[in-house]
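Notes to accompany the following structure.
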There are 2 protein chains.
Amino acid sequence: MKLSHQELKGMSPSQVRGVIRKGQWGGPTAGLCDGHAQANLVALPREFAMDFLIFCQRNQKACPLLDVTDPGGWEPKLVAPGADIRTDIPKYRIYVGGELAEEVSCVKDHWRDDLVGFLLGCSFSFEWALLDQGIPVRHIEEGKNVSMYVTDIMCKEAGVFKGPMVVSMRPIPHHLVPKAVLCTGRFPFVHGAPVHVGDPSSIGIKDISRPDFGDPVTIKEGEVPVFWACGVTPQAVAMASKVPFMISHSPGHMFICDIRNSELAVF
Amino acid sequence: MKLSHQELKGMSPSQVRGVIRKGQWGGPTAGLCDGHAQANLVALPREFAMDFLIFCQRNQKACPLLDVTDPGGWEPKLVAPGADIRTDIPKYRIYVGGELAEEVSCVKDHWRDDLVGFLLGCSFSFEWALLDQGIPVRHIEEGKNVSMYVTDIMCKEAGVFKGPMVVSMRPIPHHLVPKAVLCTGRFPFVHGAPVHVGDPSSIGIKDISRPDFGDPVTIKEGEVPVFWACGVTPQAVAMASKVPFMISHSPGHMFICDIRNSELAVF
């Protein structure tokens, strides 16, 4: 029996993960467990996992590692002890040779002894901080997905993993840019301060009205486009590397952590 | 021909690394290349390197990874492109089965295709910030090594790597404790804010006047012992794990990075 979004309101992260595990919720996780961090999943065979770890270390702004499972293990011990990344996400994608093979609600049958699971932080965490400071977040106001762009800023390579940095863009009123920089800078482990302010063309973005991922949003008079390193980067890079086998979450269907967004701030 | 400390003054990090590479400096690196970050080295065979990477991710405060080489590679691409970690450190230690086997000035002949080099940040970086804020750093005043203690705070395990957190202690005047917390908190990638303020016994330190490593320092009337996670932790843990082969720097003989300490601050 499926539950409604309303019935999930007020539940703790472990309760919602339990509901997802029982197959009673298969939808997106936006708006669930207010205040708690949500994470992207990438699971890779051990032989690729070390290079991916090194890739994340070299490109920390784009690849904020919140947790890494023991090889073959499925418990995210730092962010949600006792949880199971094979069952606690509403929808998964299985990639074989870089191609999407199937979309499933549980990956217990797909799990392998050599898989390492990576949970990567997402911008939900710092958007909460922007809103808390009275800074408008346009795609939320407009009920859209955030605008994301492939830039010409190249990530530092590691093994088979290489590719450009993907950024997310939020239009910010000129006078609020400093505040937006400072308050996201408090989250160095979840993308941190912006990587670029203004002039999209100088980071290789040809047309700001045509994002590569997500939706276009309105940029009002008196606003400047501000760009943050985006967690789509490691996923795009992992897909492009055409590793033989990979599991990820389905877009918007995230892992809900026990830790709170506010715990990810350094001050 | 050896050079004097005086002759090295004013040289850039790459110049000093060149001098070390040519065997013209074999001493400690304290005081060299003022303002530039210095790093600890741990090099491990690939089969242990992934677990060590995961260990560092799980224990970020104690294990601040500044750079990781490609497996078999010796270039720290992030912190000193073009450098060679096999030759650019004045003194190395070779461990076999957890036992110190020899101390050498170059590890080119000991290097293996499966070694991964880890450069870990050190507290020199945030001590600079403390001094810059007018906060006294006692062991520097007294010309000693910092006091370090094994605590009963257990690190989160990863594979063979497990053990207690080692902390460094600096006595801080009560009214300067908040300032010391804030200014080291700016360095979340180099140990960050303290892990403990006051009462040594509650983290398993029996006698503050008898540090496990380094020297005892004077704690004056009106000062409180403040404890920071210490970079000795990952080295102690790697040694205790008795991996078959491991290379590290010799204490005090560090790798000098191109990046400046101030670049490691997040704001």
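In the structure tokens, the first chain shown is A, the next is B, and so on; residue numbers restart at 1 for each chain, and ligands run from 1 in the order shown.
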Can you list, as number ranges by chain, every protein, DNA or RNA residue that comes within 10 Å of Ala240 in chain B when you count only C-alpha atoms, leaving out same-chain residues fewer than 6 positions away? B: 97-99, 160-163, 234
List every residue of range 137-246 of chain B that DSSP, applied to the backbone, labels as alpha helix (DSSP H), and write the result as an MDAnalysis selection string. chainID B and resid 138:141 177:185 232:240
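The residue set within 6 Å of range 81-88 of chain A, counting only C-alpha atoms and dropping same-chain residues fewer than 3 places from it, reads Arg17, Ile20, Arg21, Trp74, Glu75, Pro76, Lys77, Cys106, Val107 and Lys108 of chain A.
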Suppose we keep all heavy atoms; can you now write the selection as an mmCIF file, in the first residue's frame?
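Result file part.cif:
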data_model
loop_
_atom_site.group_PDB
_atom_site.id
_atom_site.type_symbol
_atom_site.label_atom_id
_atom_site.label_comp_id
_atom_site.auth_asym_id
_atom_site.auth_seq_id
_atom_site.Cartn_x
_atom_site.Cartn_y
_atom_site.Cartn_z
ATOM 1 N N ARG A 17 12.898 6.265 5.402
ATOM 2 C CA ARG A 17 13.671 5.220 4.715
ATOM 3 C C ARG A 17 12.997 3.857 4.865
ATOM 4 O O ARG A 17 12.994 3.038 3.941
ATOM 5 C CB ARG A 17 15.111 5.174 5.244
ATOM 6 C CG ARG A 17 15.948 6.413 4.857
ATOM 7 C CD ARG A 17 17.439 6.164 5.100
ATOM 8 N NE ARG A 17 17.706 5.753 6.467
ATOM 9 C CZ ARG A 17 18.102 6.568 7.459
ATOM 10 N NH1 ARG A 17 18.298 7.866 7.226
ATOM 11 N NH2 ARG A 17 18.324 6.098 8.666
ATOM 12 N N ILE A 20 10.180 3.727 2.386
ATOM 13 C CA ILE A 20 10.733 3.513 1.038
ATOM 14 C C ILE A 20 11.156 2.053 0.876
ATOM 15 O O ILE A 20 10.882 1.406 -0.139
ATOM 16 C CB ILE A 20 11.939 4.468 0.794
ATOM 17 C CG1 ILE A 20 11.461 5.924 0.736
ATOM 18 C CG2 ILE A 20 12.698 4.075 -0.477
ATOM 19 C CD1 ILE A 20 12.582 6.966 0.764
ATOM 20 N N ARG A 21 11.794 1.505 1.920
ATOM 21 C CA ARG A 21 12.284 0.123 1.878
ATOM 22 C C ARG A 21 11.133 -0.867 1.675
ATOM 23 O O ARG A 21 11.277 -1.869 0.991
ATOM 24 C CB ARG A 21 13.018 -0.179 3.197
ATOM 25 C CG ARG A 21 13.911 -1.402 3.188
ATOM 26 C CD ARG A 21 14.625 -1.540 4.530
ATOM 27 N NE ARG A 21 15.306 -0.306 4.917
ATOM 28 C CZ ARG A 21 15.419 0.153 6.174
ATOM 29 N NH1 ARG A 21 14.890 -0.545 7.183
ATOM 30 N NH2 ARG A 21 16.045 1.279 6.422
ATOM 31 N N TRP A 74 26.850 -1.925 2.406
ATOM 32 C CA TRP A 74 25.737 -1.064 1.999
ATOM 33 C C TRP A 74 25.291 -0.089 3.082
ATOM 34 O O TRP A 74 24.331 0.622 2.935
ATOM 35 C CB TRP A 74 24.556 -1.934 1.567
ATOM 36 C CG TRP A 74 24.266 -3.032 2.548
ATOM 37 C CD1 TRP A 74 23.632 -2.913 3.751
ATOM 38 C CD2 TRP A 74 24.644 -4.417 2.423
ATOM 39 N NE1 TRP A 74 23.592 -4.124 4.385
ATOM 40 C CE2 TRP A 74 24.179 -5.078 3.594
ATOM 41 C CE3 TRP A 74 25.293 -5.156 1.436
ATOM 42 C CZ2 TRP A 74 24.376 -6.444 3.797
ATOM 43 C CZ3 TRP A 74 25.484 -6.517 1.642
ATOM 44 C CH2 TRP A 74 25.034 -7.150 2.811
ATOM 45 N N GLU A 75 26.061 -0.063 4.192
ATOM 46 C CA GLU A 75 25.659 0.818 5.299
ATOM 47 C C GLU A 75 26.442 2.129 5.264
ATOM 48 O O GLU A 75 27.673 2.116 5.319
ATOM 49 C CB GLU A 75 25.932 0.117 6.634
ATOM 50 C CG GLU A 75 25.481 0.959 7.835
ATOM 51 C CD GLU A 75 25.896 0.359 9.178
ATOM 52 O OE1 GLU A 75 26.578 -0.686 9.186
ATOM 53 O OE2 GLU A 75 25.540 0.968 10.209
ATOM 54 N N PRO A 76 25.746 3.262 5.172
ATOM 55 C CA PRO A 76 26.441 4.549 5.244
ATOM 56 C C PRO A 76 26.649 4.929 6.706
ATOM 57 O O PRO A 76 25.783 5.545 7.322
ATOM 58 C CB PRO A 76 25.496 5.509 4.523
ATOM 59 C CG PRO A 76 24.151 4.872 4.574
ATOM 60 C CD PRO A 76 24.301 3.432 4.956
ATOM 61 N N LYS A 77 27.820 4.531 7.235
ATOM 62 C CA LYS A 77 28.042 4.588 8.681
ATOM 63 C C LYS A 77 28.119 5.996 9.245
ATOM 64 O O LYS A 77 27.869 6.218 10.417
ATOM 65 C CB LYS A 77 29.336 3.843 9.033
ATOM 66 C CG LYS A 77 29.247 2.356 8.743
ATOM 67 C CD LYS A 77 30.563 1.648 9.055
ATOM 68 C CE LYS A 77 30.424 0.149 8.729
ATOM 69 N NZ LYS A 77 31.670 -0.598 8.991
ATOM 70 N N CYS A 106 14.738 -1.161 -6.107
ATOM 71 C CA CYS A 106 15.566 -1.852 -5.116
ATOM 72 C C CYS A 106 16.731 -2.481 -5.864
ATOM 73 O O CYS A 106 16.553 -2.987 -6.973
ATOM 74 C CB CYS A 106 14.730 -2.934 -4.416
ATOM 75 S SG CYS A 106 15.698 -4.039 -3.362
ATOM 76 N N VAL A 107 17.944 -2.434 -5.289
ATOM 77 C CA VAL A 107 19.082 -3.007 -6.016
ATOM 78 C C VAL A 107 19.739 -4.156 -5.240
ATOM 79 O O VAL A 107 20.885 -4.501 -5.485
ATOM 80 C CB VAL A 107 20.141 -1.933 -6.398
ATOM 81 C CG1 VAL A 107 19.568 -0.974 -7.423
ATOM 82 C CG2 VAL A 107 20.676 -1.205 -5.172
ATOM 83 N N LYS A 108 18.962 -4.758 -4.323
ATOM 84 C CA LYS A 108 19.495 -5.902 -3.568
ATOM 85 C C LYS A 108 19.968 -7.008 -4.508
ATOM 86 O O LYS A 108 21.009 -7.613 -4.286
ATOM 87 C CB LYS A 108 18.422 -6.457 -2.632
ATOM 88 C CG LYS A 108 18.637 -6.062 -1.178
ATOM 89 C CD LYS A 108 17.628 -6.739 -0.280
ATOM 90 C CE LYS A 108 18.178 -6.867 1.139
ATOM 91 N NZ LYS A 108 17.109 -7.148 2.109
#
To test your reading of the structure, identify every residue in range 114-247 of chain B that backbone DSSP assigns to strand (DSSP E), and report it as a compact mmCIF listing (two decimals) with N, CA, C and O atoms, in the first residue's frame.
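As written to disk, states.txt reads:
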# COMPACT_ATOMS: atom_id res chain seq x y z
N LEU B 115 52.42 1.84 -5.50
CA LEU B 115 52.33 2.74 -4.34
C LEU B 115 51.45 3.96 -4.65
O LEU B 115 51.50 4.51 -5.75
N VAL B 116 50.67 4.35 -3.65
CA VAL B 116 49.87 5.57 -3.74
C VAL B 116 50.38 6.50 -2.64
O VAL B 116 50.51 6.09 -1.49
N GLY B 117 50.71 7.73 -3.02
CA GLY B 117 51.22 8.70 -2.05
C GLY B 117 50.12 9.62 -1.53
O GLY B 117 49.33 10.15 -2.31
N PHE B 118 50.08 9.78 -0.23
CA PHE B 118 49.11 10.66 0.41
C PHE B 118 49.84 11.81 1.08
O PHE B 118 50.75 11.58 1.88
N LEU B 119 49.47 13.03 0.76
CA LEU B 119 50.01 14.18 1.49
C LEU B 119 48.91 14.70 2.41
O LEU B 119 47.80 15.02 1.96
N LEU B 120 49.23 14.74 3.70
CA LEU B 120 48.25 15.15 4.71
C LEU B 120 48.66 16.47 5.33
O LEU B 120 49.83 16.66 5.68
N GLY B 121 47.71 17.37 5.46
CA GLY B 121 47.98 18.70 6.00
C GLY B 121 48.52 18.63 7.42
O GLY B 121 48.34 17.63 8.12
N SER B 147 52.80 19.34 22.14
CA SER B 147 52.40 18.20 22.98
C SER B 147 51.29 17.42 22.28
O SER B 147 50.29 18.01 21.88
N MET B 148 51.48 16.10 22.18
CA MET B 148 50.46 15.26 21.54
C MET B 148 50.06 14.12 22.46
O MET B 148 50.90 13.59 23.19
N TYR B 149 48.79 13.74 22.43
CA TYR B 149 48.25 12.73 23.33
C TYR B 149 47.37 11.74 22.57
O TYR B 149 46.61 12.14 21.68
N VAL B 150 47.45 10.47 22.97
CA VAL B 150 46.51 9.47 22.47
C VAL B 150 45.25 9.59 23.31
O VAL B 150 45.33 9.59 24.54
N THR B 151 44.09 9.74 22.69
CA THR B 151 42.83 9.90 23.43
C THR B 151 42.05 8.59 23.44
O THR B 151 42.46 7.60 22.83
N ASP B 152 40.88 8.61 24.12
CA ASP B 152 39.99 7.45 24.02
C ASP B 152 38.87 7.70 23.02
O ASP B 152 37.88 6.97 22.98
N ILE B 153 39.03 8.76 22.17
CA ILE B 153 38.08 8.99 21.07
C ILE B 153 38.49 8.03 19.94
O ILE B 153 39.59 8.14 19.40
N MET B 154 37.64 7.06 19.62
CA MET B 154 38.01 6.10 18.58
C MET B 154 37.67 6.64 17.19
O MET B 154 36.61 7.20 16.96
N PRO B 164 42.81 4.95 17.95
CA PRO B 164 42.32 6.14 18.63
C PRO B 164 42.79 7.43 17.93
O PRO B 164 43.81 7.43 17.23
N MET B 165 42.05 8.51 18.16
CA MET B 165 42.47 9.81 17.65
C MET B 165 43.61 10.36 18.51
O MET B 165 43.55 10.28 19.73
N VAL B 166 44.65 10.86 17.84
CA VAL B 166 45.71 11.57 18.54
C VAL B 166 45.38 13.06 18.43
O VAL B 166 44.92 13.52 17.39
N VAL B 167 45.58 13.79 19.54
CA VAL B 167 45.30 15.23 19.52
C VAL B 167 46.57 16.01 19.88
O VAL B 167 47.46 15.49 20.56
N SER B 168 46.63 17.24 19.40
CA SER B 168 47.69 18.14 19.84
C SER B 168 47.06 19.13 20.81
O SER B 168 45.86 19.40 20.75
N MET B 169 47.84 19.63 21.75
CA MET B 169 47.30 20.53 22.77
C MET B 169 48.06 21.86 22.78
O MET B 169 49.29 21.87 22.69
N ARG B 170 47.32 22.93 22.84
CA ARG B 170 47.92 24.26 23.02
C ARG B 170 47.19 24.96 24.17
O ARG B 170 45.97 25.03 24.15
N PRO B 171 47.92 25.46 25.17
CA PRO B 171 47.27 26.18 26.27
C PRO B 171 46.86 27.58 25.77
O PRO B 171 47.70 28.30 25.20
N ILE B 172 45.60 27.93 25.97
CA ILE B 172 45.08 29.21 25.45
C ILE B 172 44.47 29.99 26.62
O ILE B 172 43.72 29.42 27.42
N PRO B 173 44.78 31.29 26.75
CA PRO B 173 44.13 32.09 27.80
C PRO B 173 42.60 32.05 27.62
O PRO B 173 42.12 32.14 26.48
N HIS B 196 38.09 19.55 21.44
CA HIS B 196 37.84 19.49 22.88
C HIS B 196 38.47 20.71 23.55
O HIS B 196 39.57 21.12 23.19
N VAL B 197 37.77 21.27 24.53
CA VAL B 197 38.29 22.42 25.28
C VAL B 197 38.23 22.09 26.77
O VAL B 197 37.16 21.79 27.30
N GLU B 223 44.97 29.81 31.89
CA GLU B 223 44.93 29.21 30.55
C GLU B 223 44.20 27.86 30.60
O GLU B 223 44.23 27.17 31.61
N VAL B 224 43.59 27.51 29.50
CA VAL B 224 42.86 26.26 29.42
C VAL B 224 43.50 25.41 28.30
O VAL B 224 43.88 25.95 27.25
N PRO B 225 43.67 24.09 28.53
CA PRO B 225 44.22 23.25 27.45
C PRO B 225 43.16 23.05 26.35
O PRO B 225 42.03 22.67 26.63
N VAL B 226 43.56 23.37 25.11
CA VAL B 226 42.64 23.23 23.98
C VAL B 226 43.23 22.16 23.05
O VAL B 226 44.44 22.17 22.78
N PHE B 227 42.37 21.24 22.60
CA PHE B 227 42.84 20.07 21.86
C PHE B 227 42.34 20.07 20.42
O PHE B 227 41.14 20.25 20.17
N TRP B 228 43.27 19.86 19.49
CA TRP B 228 42.93 19.76 18.07
C TRP B 228 43.24 18.35 17.56
O TRP B 228 44.24 17.75 18.00
N ALA B 229 42.44 17.84 16.63
CA ALA B 229 42.76 16.56 15.98
C ALA B 229 44.13 16.70 15.34
O ALA B 229 44.46 17.75 14.77
N PHE B 245 54.22 -2.93 3.60
CA PHE B 245 55.19 -1.94 3.15
C PHE B 245 54.59 -0.54 3.22
O PHE B 245 53.43 -0.33 2.84
N MET B 246 55.38 0.40 3.70
CA MET B 246 54.89 1.77 3.84
C MET B 246 56.08 2.72 3.88
O MET B 246 57.13 2.41 4.43
N ILE B 247 55.91 3.87 3.24
CA ILE B 247 56.93 4.92 3.31
C ILE B 247 56.28 6.13 3.96
O ILE B 247 55.14 6.47 3.68
Could you list, with a cut-off of 8 Å and counting only C-alpha atoms, the residues of chain A near chain B, each shown with its nearest atom pair and the distance in Å rounded to one decimal, rows sorted by chain and ascending number, as JSON lines?
{"residue": "A:Ala49", "atom": "CA", "partner": "B:Met50", "partner_atom": "CA", "distance": 8.0}
{"residue": "A:Met50", "atom": "CA", "partner": "B:Met50", "partner_atom": "CA", "distance": 5.5}
{"residue": "A:Asp51", "atom": "CA", "partner": "B:Asp70", "partner_atom": "CA", "distance": 7.9}
{"residue": "A:Leu53", "atom": "CA", "partner": "B:Leu53", "partner_atom": "CA", "distance": 7.4}
{"residue": "A:Ile54", "atom": "CA", "partner": "B:Val68", "partner_atom": "CA", "distance": 6.6}
{"residue": "A:Gln57", "atom": "CA", "partner": "B:Asp67", "partner_atom": "CA", "distance": 7.4}
{"residue": "A:Arg58", "atom": "CA", "partner": "B:Leu78", "partner_atom": "CA", "distance": 7.1}
{"residue": "A:Leu65", "atom": "CA", "partner": "B:Gln57", "partner_atom": "CA", "distance": 7.8}
{"residue": "A:Asp67", "atom": "CA", "partner": "B:Arg58", "partner_atom": "CA", "distance": 7.2}
{"residue": "A:Val68", "atom": "CA", "partner": "B:Ile54", "partner_atom": "CA", "distance": 6.6}
{"residue": "A:Asp70", "atom": "CA", "partner": "B:Ala158", "partner_atom": "CA", "distance": 6.9}
{"residue": "A:Leu78", "atom": "CA", "partner": "B:Arg58", "partner_atom": "CA", "distance": 7.1}
{"residue": "A:Ala158", "atom": "CA", "partner": "B:Asp70", "partner_atom": "CA", "distance": 6.9}
{"residue": "A:Gly159", "atom": "CA", "partner": "B:Asp70", "partner_atom": "CA", "distance": 7.4}
{"residue": "A:Leu182", "atom": "CA", "partner": "B:Phe267", "partner_atom": "CA", "distance": 7.9}
{"residue": "A:Gly185", "atom": "CA", "partner": "B:Val266", "partner_atom": "CA", "distance": 6.9}
{"residue": "A:Arg186", "atom": "CA", "partner": "B:Val266", "partner_atom": "CA", "distance": 7.9}
{"residue": "A:Pro188", "atom": "CA", "partner": "B:Val266", "partner_atom": "CA", "distance": 7.1}
{"residue": "A:Val266", "atom": "CA", "partner": "B:Gly185", "partner_atom": "CA", "distance": 6.9}
{"residue": "A:Phe267", "atom": "CA", "partner": "B:Gly185", "partner_atom": "CA", "distance": 7.1}
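The coordinates place CA of Gly231 in chain B at 5.9 Å from CA of Cys63 in chain B.
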The residue from A:Ala62, A:Leu3, A:Val19, A:Ala37 with the smallest atom-to-atom distance to Pro90 in chain A, counting only C-alpha atoms, is A:Val19
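Proximity of B:Tyr92, B:Phe52, B:Trp25, B:Phe213 to Lys144 in chain B, computed with only C-alpha atoms, is greatest for B:Phe213.
Distances to His174 in chain B were evaluated for B:Asp109, B:Asp114, B:Glu221, B:Glu263 using only C-alpha atoms, and the minimum falls at B:Glu221.
For Ile89 in chain B, the list of residues within 10 Å, based on only C-alpha atoms and with local chain neighbours fewer than 4 positions off taken out, reads Val16, Arg17, Gly18, Ile20, Arg21, Gly23, Trp25, Gly26, Gly27, Pro28, Thr29, Ala39, Asn40, Leu41, Asp84, Ile85, Val104, Ser105, Cys106, Val107, Ser248, His249, Ser250, His253, Met254, Phe255 and Ile256 of chain B.
Take CA of Leu264 in chain B and CA of Pro13 in chain B: the distance between them is 16.3 Å.
Note that CA of Lys91 in chain B and CA of Gly252 in chain B are 9.0 Å apart.
Excluding Met239 in chain B and any residue on its chain fewer than 2 positions from it, the residues at most 8 Å away by only C-alpha atoms are Tyr95, Gly98, Glu99, Gln235, Ala236, Val237, Ser241, Lys242 and Val243 of chain B.
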